[in-house]
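See below for model-v3.pdb, which holds PDB, C-alpha atoms.
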```pdb
ATOM      1  CA  MET A   1     109.526 140.059  66.729
ATOM      2  CA  GLU A   2     109.285 136.763  64.837
ATOM      3  CA  ASN A   3     110.546 133.686  66.648
ATOM      4  CA  VAL A   4     113.458 132.031  64.880
ATOM      5  CA  ARG A   5     113.541 128.254  65.135
ATOM      6  CA  ALA A   6     116.823 126.900  66.496
ATOM      7  CA  LYS A   7     118.902 124.906  64.035
ATOM      8  CA  ARG A   8     118.741 121.769  66.204
ATOM      9  CA  ASN A   9     114.975 122.027  66.703
ATOM     10  CA  ARG A  10     113.508 118.925  65.019
ATOM     11  CA  THR A  11     109.928 119.307  66.262
ATOM     12  CA  ILE A  12     107.368 118.021  63.760
ATOM     13  CA  GLU A  13     104.913 120.799  62.929
ATOM     14  CA  LEU A  14     102.116 121.318  60.423
ATOM     15  CA  ASP A  15     102.584 123.580  57.431
ATOM     16  CA  PRO A  16      99.262 125.301  56.565
ATOM     17  CA  ALA A  17      99.880 124.424  52.913
ATOM     18  CA  GLU A  18      99.808 120.670  53.641
ATOM     19  CA  LYS A  19      96.687 120.545  55.809
ATOM     20  CA  ASP A  20      94.184 119.946  53.001
ATOM     21  CA  THR A  21      96.207 117.014  51.660
ATOM     22  CA  LEU A  22      96.556 115.512  55.119
ATOM     23  CA  ARG A  23      92.874 116.062  55.854
ATOM     24  CA  ALA A  24      91.959 113.975  52.793
ATOM     25  CA  GLY A  25      93.816 111.009  54.311
ATOM     26  CA  VAL A  26      92.084 111.122  57.703
ATOM     27  CA  ALA A  27      89.347 108.490  58.058
ATOM     28  CA  SER A  28      85.847 108.418  59.564
ATOM     29  CA  PRO A  29      83.923 105.797  61.610
ATOM     30  CA  ALA A  30      82.364 104.565  58.361
ATOM     31  CA  ASP A  31      85.813 103.382  57.254
ATOM     32  CA  LEU A  32      86.160 101.417  60.480
ATOM     33  CA  SER A  33      82.825  99.666  60.033
ATOM     34  CA  ARG A  34      84.086  98.330  56.691
ATOM     35  CA  GLY A  35      87.025  96.699  58.464
ATOM     36  CA  ALA A  36      89.680  99.095  57.152
ATOM     37  CA  ARG A  37      92.912  99.412  59.115
ATOM     38  CA  ASP A  38      96.070 101.546  59.242
ATOM     39  CA  LEU A  39      93.886 104.594  59.810
ATOM     40  CA  ILE A  40      93.851 107.818  61.762
ATOM     41  CA  VAL A  41      90.168 108.393  62.497
ATOM     42  CA  CYS A  42      88.796 111.790  63.475
ATOM     43  CA  CYS A  43      85.902 111.252  65.879
ATOM     44  CA  ASP A  44      84.933 110.756  69.512
ATOM     45  CA  CYS A  45      86.380 107.535  70.934
ATOM     46  CA  HIS A  46      82.871 106.198  71.718
ATOM     47  CA  HIS A  47      81.749 106.438  68.087
ATOM     48  CA  GLY A  48      85.063 105.065  66.885
ATOM     49  CA  ILE A  49      85.023 102.002  69.135
ATOM     50  CA  ASP A  50      81.370 101.297  68.288
ATOM     51  CA  ALA A  51      82.267 101.192  64.571
ATOM     52  CA  ILE A  52      85.079  98.633  64.937
ATOM     53  CA  PRO A  53      84.182  95.039  63.972
ATOM     54  CA  ALA A  54      83.934  92.573  66.857
ATOM     55  CA  GLN A  55      87.015  90.642  68.008
ATOM     56  CA  SER A  56      89.317  92.419  65.550
ATOM     57  CA  ILE A  57      91.712  94.199  67.929
ATOM     58  CA  ASP A  58      94.787  92.396  69.311
ATOM     59  CA  LEU A  59      96.173  95.164  71.546
ATOM     60  CA  VAL A  60      94.714  98.356  73.026
ATOM     61  CA  VAL A  61      97.008 101.180  74.108
ATOM     62  CA  ALA A  62      95.161 104.077  75.750
ATOM     63  CA  ASP A  63      96.580 107.381  76.952
ATOM     64  CA  PRO A  64      93.381 109.171  78.003
ATOM     65  CA  PRO A  65      93.249 112.624  79.603
ATOM     66  CA  TYR A  66      94.345 112.324  83.218
ATOM     67  CA  ASN A  67      92.028 113.726  85.851
ATOM     68  CA  LEU A  68      93.604 117.175  85.586
ATOM     69  CA  ARG A  69      92.624 120.418  83.949
ATOM     70  CA  ARG A  70      94.463 120.288  80.628
ATOM     71  CA  THR A  71      93.889 121.904  77.253
ATOM     72  CA  PHE A  72      94.261 119.760  74.138
ATOM     73  CA  GLY A  73      94.051 121.966  71.067
ATOM     74  CA  THR A  74      90.607 123.589  71.100
ATOM     75  CA  ARG A  75      89.235 121.455  73.953
ATOM     76  CA  THR A  76      89.851 121.520  77.698
ATOM     77  CA  PHE A  77      89.470 118.505  79.971
ATOM     78  CA  VAL A  78      88.239 119.655  83.378
ATOM     79  CA  GLU A  79      89.188 117.888  86.612
ATOM     80  CA  GLN A  80      86.349 115.875  88.175
ATOM     81  CA  ASP A  81      85.854 114.139  91.495
ATOM     82  CA  GLU A  82      87.055 110.532  91.519
ATOM     83  CA  ALA A  83      83.593 108.997  91.082
ATOM     84  CA  GLN A  84      82.849 111.186  88.057
ATOM     85  CA  TYR A  85      86.212 110.400  86.493
ATOM     86  CA  ALA A  86      85.705 106.668  87.049
ATOM     87  CA  ASN A  87      82.305 107.011  85.383
ATOM     88  CA  TRP A  88      83.947 108.700  82.401
ATOM     89  CA  LEU A  89      86.548 105.929  82.172
ATOM     90  CA  ASP A  90      83.833 103.268  82.336
ATOM     91  CA  GLY A  91      82.026 104.884  79.412
ATOM     92  CA  TRP A  92      84.721 103.904  76.905
ATOM     93  CA  ILE A  93      86.533 101.037  78.661
ATOM     94  CA  SER A  94      83.277  99.044  78.853
ATOM     95  CA  LYS A  95      83.054  99.150  75.039
ATOM     96  CA  LEU A  96      86.454  97.536  74.456
ATOM     97  CA  PRO A  97      85.912  93.822  75.267
ATOM     98  CA  ARG A  98      83.530  93.481  72.301
ATOM     99  CA  VAL A  99      86.188  94.539  69.796
ATOM    100  CA  MET A 100      89.127  92.628  71.305
ATOM    101  CA  SER A 101      90.347  89.188  70.253
ATOM    102  CA  ALA A 102      90.485  86.356  72.789
ATOM    103  CA  GLN A 103      94.194  86.800  73.612
ATOM    104  CA  ALA A 104      94.226  90.604  73.480
ATOM    105  CA  SER A 105      95.670  92.896  76.142
ATOM    106  CA  ILE A 106      95.099  96.493  77.170
ATOM    107  CA  TYR A 107      97.467  99.118  78.590
ATOM    108  CA  VAL A 108      96.112 102.337  80.120
ATOM    109  CA  CYS A 109      98.348 105.282  81.054
ATOM    110  CA  CYS A 110      97.638 107.432  84.116
ATOM    111  CA  ASP A 111      99.253 109.426  86.906
ATOM    112  CA  TRP A 112      99.154 108.762  90.658
ATOM    113  CA  ARG A 113      96.019 110.852  91.148
ATOM    114  CA  CYS A 114      93.829 108.733  88.871
ATOM    115  CA  SER A 115      95.687 105.408  89.039
ATOM    116  CA  SER A 116      93.262 103.852  91.534
ATOM    117  CA  ALA A 117      90.249 104.812  89.397
ATOM    118  CA  VAL A 118      91.837 103.269  86.299
ATOM    119  CA  GLU A 119      92.621 100.035  88.166
ATOM    120  CA  ARG A 120      89.128  99.836  89.600
ATOM    121  CA  VAL A 121      87.359 100.308  86.254
ATOM    122  CA  LEU A 122      89.721  98.022  84.321
ATOM    123  CA  SER A 123      89.150  95.210  86.827
ATOM    124  CA  ARG A 124      85.418  95.214  86.014
ATOM    125  CA  TYR A 125      86.095  94.018  82.461
ATOM    126  CA  PHE A 126      89.648  92.633  82.377
ATOM    127  CA  ILE A 127      92.153  90.601  84.362
ATOM    128  CA  ILE A 128      94.762  92.919  85.845
ATOM    129  CA  GLN A 129      98.247  91.548  85.164
ATOM    130  CA  ASN A 130     100.553  94.296  86.402
ATOM    131  CA  ARG A 131     101.134  97.967  87.071
ATOM    132  CA  ILE A 132     104.116  99.529  85.335
ATOM    133  CA  THR A 133     105.702 102.687  86.718
ATOM    134  CA  TRP A 134     107.917 104.742  84.448
ATOM    135  CA  GLU A 135     110.210 107.624  85.279
ATOM    136  CA  ARG A 136     109.573 110.986  83.654
ATOM    137  CA  GLU A 137     112.902 112.749  83.953
ATOM    138  CA  LYS A 138     111.028 116.010  83.458
ATOM    139  CA  GLY A 139     108.796 117.520  86.102
ATOM    140  CA  ARG A 140     108.180 120.668  88.106
ATOM    141  CA  ALA A 141     109.654 121.023  91.561
ATOM    142  CA  ALA A 142     107.356 122.052  94.412
ATOM    143  CA  LEU A 143     108.112 123.755  97.716
ATOM    144  CA  ARG A 144     105.539 121.765  99.715
ATOM    145  CA  ASN A 145     105.513 118.378  98.006
ATOM    146  CA  TRP A 146     107.702 115.824  96.254
ATOM    147  CA  LYS A 147     108.455 116.504  92.606
ATOM    148  CA  SER A 148     106.135 114.367  90.474
ATOM    149  CA  ALA A 149     108.469 112.416  88.184
ATOM    150  CA  SER A 150     106.661 109.145  87.466
ATOM    151  CA  GLU A 151     103.518 107.820  85.818
ATOM    152  CA  ASP A 152     101.709 104.490  85.827
ATOM    153  CA  ILE A 153     100.558 102.137  83.081
ATOM    154  CA  TRP A 154      98.023  99.439  83.978
ATOM    155  CA  PHE A 155      98.430  96.189  82.029
ATOM    156  CA  ALA A 156      95.424  93.860  81.780
ATOM    157  CA  SER A 157      94.230  91.029  79.564
ATOM    158  CA  LEU A 158      90.845  89.945  78.296
ATOM    159  CA  GLY A 159      91.426  86.321  79.297
ATOM    160  CA  THR A 160      93.933  84.068  81.048
ATOM    161  CA  GLN A 161      95.783  83.421  77.782
ATOM    162  CA  TYR A 162      97.446  86.466  76.254
ATOM    163  CA  VAL A 163     100.431  87.457  74.118
ATOM    164  CA  TYR A 164     103.609  88.319  76.016
ATOM    165  CA  ASN A 165     106.958  88.245  74.197
ATOM    166  CA  ALA A 166     109.522  88.461  77.014
ATOM    167  CA  ASP A 167     112.574  88.148  74.758
ATOM    168  CA  ALA A 168     111.429  91.087  72.630
ATOM    169  CA  VAL A 169     111.695  93.608  75.461
ATOM    170  CA  LYS A 170     114.977  92.794  77.166
ATOM    171  CA  LEU A 171     116.975  95.750  78.463
ATOM    172  CA  MET A 172     120.720  96.119  77.866
ATOM    173  CA  ARG A 173     122.366  97.269  81.099
ATOM    174  CA  ARG A 174     125.951  98.206  81.826
ATOM    175  CA  VAL A 175     127.674  95.584  83.996
ATOM    176  CA  ILE A 176     128.994  96.950  87.285
ATOM    177  CA  ALA A 177     130.233  93.645  88.723
ATOM    178  CA  PRO A 178     131.528  91.512  85.804
ATOM    179  CA  TYR A 179     131.441  88.020  87.324
ATOM    180  CA  THR A 180     133.234  85.171  85.552
ATOM    181  CA  ASP A 181     133.216  81.403  85.921
ATOM    182  CA  LYS A 182     136.226  79.325  87.014
ATOM    183  CA  GLY A 183     137.544  79.361  83.469
ATOM    184  CA  GLY A 184     137.440  83.149  83.301
ATOM    185  CA  GLN A 185     134.440  83.245  80.962
ATOM    186  CA  ALA A 186     131.834  85.987  81.366
ATOM    187  CA  LYS A 187     128.673  85.053  83.288
ATOM    188  CA  ASP A 188     125.570  86.341  81.462
ATOM    189  CA  TRP A 189     127.312  89.418  80.042
ATOM    190  CA  GLU A 190     129.296  90.361  76.994
ATOM    191  CA  GLN A 191     132.040  92.840  76.223
ATOM    192  CA  ASN A 192     132.372  94.914  73.084
ATOM    193  CA  GLU A 193     134.202  98.077  72.049
ATOM    194  CA  PHE A 194     131.789 100.183  74.110
ATOM    195  CA  GLY A 195     132.048  98.304  77.417
ATOM    196  CA  ARG A 196     130.449  95.423  79.342
ATOM    197  CA  PHE A 197     126.697  94.843  78.964
ATOM    198  CA  ARG A 198     124.056  92.368  80.119
ATOM    199  CA  ALA A 199     120.650  91.781  78.507
ATOM    200  CA  THR A 200     118.165  91.579  81.403
ATOM    201  CA  ALA A 201     114.478  90.712  81.596
ATOM    202  CA  ALA A 202     112.139  93.703  81.530
ATOM    203  CA  SER A 203     110.651  94.721  84.882
ATOM    204  CA  ASN A 204     107.614  96.822  85.766
ATOM    205  CA  LEU A 205     109.880  99.773  86.637
ATOM    206  CA  TRP A 206     111.014 101.665  83.535
ATOM    207  CA  THR A 207     113.846 104.147  84.072
ATOM    208  CA  ASP A 208     115.259 104.172  80.547
ATOM    209  CA  LEU A 209     112.798 106.553  78.847
ATOM    210  CA  THR A 210     113.301 110.099  77.619
ATOM    211  CA  VAL A 211     110.267 112.373  77.281
ATOM    212  CA  PRO A 212     110.382 113.887  73.756
ATOM    213  CA  PHE A 213     111.927 117.337  73.574
ATOM    214  CA  TRP A 214     112.653 119.873  70.836
ATOM    215  CA  SER A 215     115.863 118.349  69.431
ATOM    216  CA  MET A 216     114.408 114.832  69.094
ATOM    217  CA  PRO A 217     113.032 113.905  65.646
ATOM    218  CA  GLU A 218     109.850 112.419  67.177
ATOM    219  CA  ASN A 219     108.917 115.582  69.104
ATOM    220  CA  THR A 220     105.609 117.343  68.384
ATOM    221  CA  PRO A 221     103.687 120.253  69.972
ATOM    222  CA  HIS A 222     101.271 117.829  71.693
ATOM    223  CA  PRO A 223     101.285 118.589  75.447
ATOM    224  CA  THR A 224     101.330 114.986  76.731
ATOM    225  CA  GLN A 225     103.237 113.088  74.040
ATOM    226  CA  LYS A 226     104.676 109.739  75.116
ATOM    227  CA  PRO A 227     108.083 108.495  73.875
ATOM    228  CA  GLU A 228     108.182 106.127  70.910
ATOM    229  CA  LYS A 229     110.378 103.883  73.031
ATOM    230  CA  LEU A 230     107.618 103.503  75.644
ATOM    231  CA  LEU A 231     105.093 102.441  72.999
ATOM    232  CA  ALA A 232     107.648 100.115  71.413
ATOM    233  CA  LYS A 233     107.989  98.179  74.678
ATOM    234  CA  ILE A 234     104.223  97.666  74.834
ATOM    235  CA  VAL A 235     103.755  96.819  71.157
ATOM    236  CA  LEU A 236     106.647  94.334  71.064
ATOM    237  CA  ALA A 237     105.676  92.659  74.343
ATOM    238  CA  SER A 238     101.947  92.290  73.741
ATOM    239  CA  SER A 239     101.417  91.885  70.007
ATOM    240  CA  ASN A 240     102.858  89.908  67.123
ATOM    241  CA  PRO A 241     103.799  91.137  63.638
ATOM    242  CA  GLY A 242     100.735  91.706  61.480
ATOM    243  CA  GLN A 243      98.337  92.124  64.429
ATOM    244  CA  LEU A 244      96.096  95.146  64.958
ATOM    245  CA  VAL A 245      96.741  97.831  67.590
ATOM    246  CA  LEU A 246      94.023 100.262  68.700
ATOM    247  CA  ASP A 247      94.677 103.614  70.360
ATOM    248  CA  PRO A 248      91.390 105.390  71.208
ATOM    249  CA  PHE A 249      93.244 108.613  72.203
ATOM    250  CA  VAL A 250      95.984 108.648  69.596
ATOM    251  CA  GLY A 251      96.930 112.326  70.000
ATOM    252  CA  SER A 252      99.933 113.125  67.822
ATOM    253  CA  GLY A 253     100.077 109.536  66.539
ATOM    254  CA  THR A 254     102.974 107.976  68.450
ATOM    255  CA  SER A 255     101.337 104.557  68.872
ATOM    256  CA  ALA A 256     100.387 104.422  65.185
ATOM    257  CA  VAL A 257     103.908 105.377  64.112
ATOM    258  CA  VAL A 258     105.458 102.745  66.370
ATOM    259  CA  ALA A 259     103.019 100.074  65.193
ATOM    260  CA  LYS A 260     103.916 100.831  61.571
ATOM    261  CA  LYS A 261     107.660 100.804  62.266
ATOM    262  CA  LEU A 262     107.351  97.449  64.044
ATOM    263  CA  GLY A 263     105.240  95.743  61.382
ATOM    264  CA  ARG A 264     101.840  95.931  63.064
ATOM    265  CA  HIS A 265      98.564  97.395  61.790
ATOM    266  CA  PHE A 266      96.930 100.250  63.654
ATOM    267  CA  ILE A 267      93.767 102.245  64.273
ATOM    268  CA  GLY A 268      94.222 105.618  65.940
ATOM    269  CA  ILE A 269      91.144 107.545  67.092
ATOM    270  CA  GLU A 270      91.408 111.246  67.917
ATOM    271  CA  LEU A 271      88.752 113.937  68.419
ATOM    272  CA  GLU A 272      90.943 117.016  67.833
ATOM    273  CA  GLU A 273      91.394 117.587  64.087
ATOM    274  CA  GLU A 274      94.760 119.356  64.397
ATOM    275  CA  TYR A 275      96.232 116.323  66.161
ATOM    276  CA  CYS A 276      94.687 114.012  63.557
ATOM    277  CA  LEU A 277      96.550 115.918  60.855
ATOM    278  CA  LEU A 278      99.757 115.785  62.855
ATOM    279  CA  ALA A 279      99.334 112.036  63.377
ATOM    280  CA  GLN A 280      98.581 111.547  59.692
ATOM    281  CA  LYS A 281     101.753 113.399  58.760
ATOM    282  CA  ARG A 282     103.861 111.292  61.100
ATOM    283  CA  VAL A 283     102.324 108.031  59.864
ATOM    284  CA  GLN A 284     102.931 108.992  56.231
ATOM    285  CA  ASN A 285     106.587 109.673  57.008
ATOM    286  CA  ALA A 286     107.064 106.388  58.913
ATOM    287  CA  SER A 287     107.887 103.044  57.357
ATOM    288  CA  PRO A 288     108.473  99.484  58.613
ATOM    289  CA  GLY A 289     111.957  99.015  60.007
ATOM    290  CA  GLN A 290     112.637 102.681  60.703
ATOM    291  CA  PRO A 291     114.682 103.212  63.886
ATOM    292  CA  ILE A 292     113.209 103.932  67.300
ATOM    293  CA  GLN A 293     115.461 105.851  69.650
ATOM    294  CA  GLY A 294     116.791 103.553  72.383
ATOM    295  CA  LEU A 295     115.944 100.318  70.528
ATOM    296  CA  HIS A 296     118.705  98.711  68.495
ATOM    297  CA  ALA A 297     118.976  95.231  66.966
ATOM    298  CA  GLY A 298     115.994  94.019  68.985
ATOM    299  CA  THR A 299     117.292  95.208  72.364
ATOM    300  CA  PHE A 300     116.409  98.242  74.474
ATOM    301  CA  TRP A 301     119.232 100.287  75.986
ATOM    302  CA  GLU A 302     119.280 102.171  79.278
ATOM    303  CA  ARG A 303     118.950 105.937  78.987
ATOM    304  CA  ASN A 304     122.326 107.529  78.181
ATOM    305  CA  SER A 305     124.086 104.147  78.186
ATOM    306  CA  ALA A 306     123.906 103.152  74.525
ATOM    307  CA  PRO A 307     126.994 103.607  72.360
ATOM    308  CA  PRO A 308     127.214 107.193  71.037
ATOM    309  CA  LYS A 309     126.282 106.241  67.479
ATOM    310  CA  LEU A 310     123.023 104.705  68.790
ATOM    311  CA  GLN A 311     122.184 107.585  71.127
ATOM    312  CA  ASN A 312     122.223 109.981  68.177
ATOM    313  CA  MET A 313     119.748 108.024  66.060
TER     314      MET A 313
END
```
Let me see the file written as structure tokens.
Amino acid sequence: MENVRAKRNRTIELDPAEKDTLRAGVASPADLSRGARDLIVCCDCHHGIDAIPAQSIDLVVADPPYNLRRTFGTRTFVEQDEAQYANWLDGWISKLPRVMSAQASIYVCCDWRCSSAVERVLSRYFIIQNRITWEREKGRAALRNWKSASEDIWFASLGTQYVYNADAVKLMRRVIAPYTDKGGQAKDWEQNEFGRFRATAASNLWTDLTVPFWSMPENTPHPTQKPEKLLAKIVLASSNPGQLVLDPFVGSGTSAVVAKKLGRHFIGIELEEEYCLLAQKRVQNASPGQPIQGLHAGTFWERNSAPPKLQNM
């Protein structure tokens, strides 16, 4: 019996009829060596990074396979012991300093199992600045262990001077205790038709993210897709408009889409052709200034706290 797609299912999928057109827009390492940008490149990350001109990248965002058995399209990543996985990480991380500009930063996603390996390898080539932990509100319960509902992102810089735009990543929180001064004026909060809110500095604990699901317009069939909102925090904090963002494991293209929406250039490298086509489709449909769920008028909102008209964007 044929599966009928639910009316509210907004998952982005590939139509066989559009694959040839999309394939024509996917780039190769040769395009990178000529200094081209705003590309989805179909190749191994090693070949892709080697083809990028020196000191041209302003921000690296990497979401590599975690040290778990996981199938990505036609390929399966097999779990390794920690030393082998660290060796694999070193193989591509060691190539990045050459292509990064003096004030560039790097963010690498991981889970608790491989977090120590990522930190150890990154520290060989970069200055570790912080470890971000973000809450995945999805996760499988276990009878003999705690439910795994968080992941890490290591933030590092090439040098002591790096881009960090604190005002661009403030979080709008609901005010529980609305303090006022002696004159009755609000202290560091504001009231509007939706309630009382305070714009607070971003911390290294992110609890305001929603993992893409079938009724969200950014959702794709990729098994480990990150939210656009997560990438938006990184891109806004650690790059400036017009700068170049590299993702050596671009998957379904989320980082490239976010970079384009936020006025940055991008290079997305992906080995699996089906994901390259999916990323190419998403990039073609994105444009500067398009909305990102959870980000409104330059401010991020807590999950489920934004006014209804913003939550439905």
Got a sec to resolve the PyMOL selection byres ((chain A and resi 14) around 10) on this structure and send the residues as a ChimeraX atom specification? /A:11-13,15-19,22,220-221,274-275,277-278,281
Grab the residues selected above and save them as a PDB file, keeping the file's coordinate frame with C-alpha atoms.
```pdb
ATOM      1  CA  THR A  11     109.928 119.307  66.262  1.00  0.00           C
ATOM      2  CA  ILE A  12     107.368 118.021  63.760  1.00  0.00           C
ATOM      3  CA  GLU A  13     104.913 120.799  62.929  1.00  0.00           C
ATOM      4  CA  ASP A  15     102.584 123.580  57.431  1.00  0.00           C
ATOM      5  CA  PRO A  16      99.262 125.301  56.565  1.00  0.00           C
ATOM      6  CA  ALA A  17      99.880 124.424  52.913  1.00  0.00           C
ATOM      7  CA  GLU A  18      99.808 120.670  53.641  1.00  0.00           C
ATOM      8  CA  LYS A  19      96.687 120.545  55.809  1.00  0.00           C
ATOM      9  CA  LEU A  22      96.556 115.512  55.119  1.00  0.00           C
ATOM     10  CA  THR A 220     105.609 117.343  68.384  1.00  0.00           C
ATOM     11  CA  PRO A 221     103.687 120.253  69.972  1.00  0.00           C
ATOM     12  CA  GLU A 274      94.760 119.356  64.397  1.00  0.00           C
ATOM     13  CA  TYR A 275      96.232 116.323  66.161  1.00  0.00           C
ATOM     14  CA  LEU A 277      96.550 115.918  60.855  1.00  0.00           C
ATOM     15  CA  LEU A 278      99.757 115.785  62.855  1.00  0.00           C
ATOM     16  CA  LYS A 281     101.753 113.399  58.760  1.00  0.00           C
TER      17      LYS A 281
END
```
Between atom CA of A:Thr224 and atom CA of A:Ala30, what is the distance in Å, rounded to a tenth? 28.4 Å
Please write the residues picked by the PyMOL selection byres ((chain A and resi 95) around 12) on this file as number ranges by chain. A: 45-55, 60, 89-94, 96-100, 122, 124-126, 248
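Those residues that approach A:Arg70 to within 9 Å, counting only C-alpha atoms, are A:Thr76, A:Phe77, A:Val78, A:Glu79, A:Pro223; same-chain residues fewer than 6 positions away are not listed.
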Answer as a PyMOL selection string, residues within 10 Å of (113.7, 112.8, 75.8) using only C-alpha atoms: chain A and resi 136-138+208-216+218-219+226-229+293+303
Keeping C-alpha atoms for every residue in the selection just given, could you write it to a file as a compact mmCIF listing (two decimals), keeping the file's coordinate frame?
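The result, written out as part.txt:
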```txt
# COMPACT_ATOMS: atom_id res chain seq x y z
CA ARG A 136 109.57 110.99 83.65
CA GLU A 137 112.90 112.75 83.95
CA LYS A 138 111.03 116.01 83.46
CA ASP A 208 115.26 104.17 80.55
CA LEU A 209 112.80 106.55 78.85
CA THR A 210 113.30 110.10 77.62
CA VAL A 211 110.27 112.37 77.28
CA PRO A 212 110.38 113.89 73.76
CA PHE A 213 111.93 117.34 73.57
CA TRP A 214 112.65 119.87 70.84
CA SER A 215 115.86 118.35 69.43
CA MET A 216 114.41 114.83 69.09
CA GLU A 218 109.85 112.42 67.18
CA ASN A 219 108.92 115.58 69.10
CA LYS A 226 104.68 109.74 75.12
CA PRO A 227 108.08 108.50 73.88
CA GLU A 228 108.18 106.13 70.91
CA LYS A 229 110.38 103.88 73.03
CA GLN A 293 115.46 105.85 69.65
CA ARG A 303 118.95 105.94 78.99
```
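Those residues returned by the PyMOL selection byres ((chain A and resi 261) around 7) for this file are Val257, Val258, Ala259, Lys260, Leu262, Gly263, Ala286, Ser287, Pro288, Gly289 and Gln290 of chain A.
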With a distance cut-off of 8 Å and only C-alpha atoms, select the neighbouring residues of A:Asp247, excluding the residue or stretch itself and same-chain residues fewer than 5 positions from it, and output the selection as a PDB file with C-alpha atoms, in the coordinates of the input.
```pdb
ATOM      1  CA  VAL A  60      94.714  98.356  73.026  1.00  0.00           C
ATOM      2  CA  VAL A  61      97.008 101.180  74.108  1.00  0.00           C
ATOM      3  CA  ALA A  62      95.161 104.077  75.750  1.00  0.00           C
ATOM      4  CA  ASP A  63      96.580 107.381  76.952  1.00  0.00           C
ATOM      5  CA  SER A 255     101.337 104.557  68.872  1.00  0.00           C
ATOM      6  CA  ALA A 256     100.387 104.422  65.185  1.00  0.00           C
ATOM      7  CA  PHE A 266      96.930 100.250  63.654  1.00  0.00           C
ATOM      8  CA  ILE A 267      93.767 102.245  64.273  1.00  0.00           C
ATOM      9  CA  GLY A 268      94.222 105.618  65.940  1.00  0.00           C
ATOM     10  CA  ILE A 269      91.144 107.545  67.092  1.00  0.00           C
TER      11      ILE A 269
END
```
Extract, using all atoms listed in the file, all DNA, RNA and protein residues at most 8 Å from A:Pro64, discarding same-chain residues fewer than 2 positions from it, and format them as an MDAnalysis selection string. chainID A and resid 62 66 108:110 249
Those same residues - C-alpha atoms - I'd like them written as an mmCIF file, in the coordinates of the input.
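Contents of the output file result37.cif:
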```
data_model
loop_
_atom_site.group_PDB
_atom_site.id
_atom_site.type_symbol
_atom_site.label_atom_id
_atom_site.label_comp_id
_atom_site.auth_asym_id
_atom_site.auth_seq_id
_atom_site.Cartn_x
_atom_site.Cartn_y
_atom_site.Cartn_z
ATOM 1 C CA ALA A 62 95.161 104.077 75.750
ATOM 2 C CA TYR A 66 94.345 112.324 83.218
ATOM 3 C CA VAL A 108 96.112 102.337 80.120
ATOM 4 C CA CYS A 109 98.348 105.282 81.054
ATOM 5 C CA CYS A 110 97.638 107.432 84.116
ATOM 6 C CA PHE A 249 93.244 108.613 72.203
#
```
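For the set A:Ala117, A:Ala104, A:Ile292, A:Ala237, the residue with the smallest atom-to-atom gap to A:Pro217 is A:Ile292, counting only C-alpha atoms.
The closest residue to A:Asp44, picked from A:Gly25, A:Ser105, A:Ala297, A:Cys276 and counting all atoms listed in the file, is A:Cys276.
The interatomic distance for the pair atom CA of A:Ile153 and atom CA of A:Leu32 works out to 26.8 Å.
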In Å, rounded to a single decimal, give me how far atom CA of A:Leu231 is from atom CA of A:Arg174. 23.0 Å
Counting all atoms listed in the file, which residue out of A:Ser116, A:Phe72, A:Trp206, A:Arg264 sits closest to A:Tyr85? A:Ser116
Taking (101.0, 87.6, 78.8) in the coordinates of the supplied file, I want to know which residues reach to within 12 Å of it, counting all atoms listed in the file; could you give the answer as JSON, numbers by chain? {"A": [59, 103, 104, 105, 106, 127, 128, 129, 130, 155, 156, 157, 158, 159, 160, 161, 162, 163, 164, 165, 166, 234, 236, 237, 238, 239]}
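Each of A:Cys42, A:Ala27, A:Val169, A:Ala102 was compared to A:Ala201 using all atoms listed in the file, and A:Val169 turns out to be the nearest.
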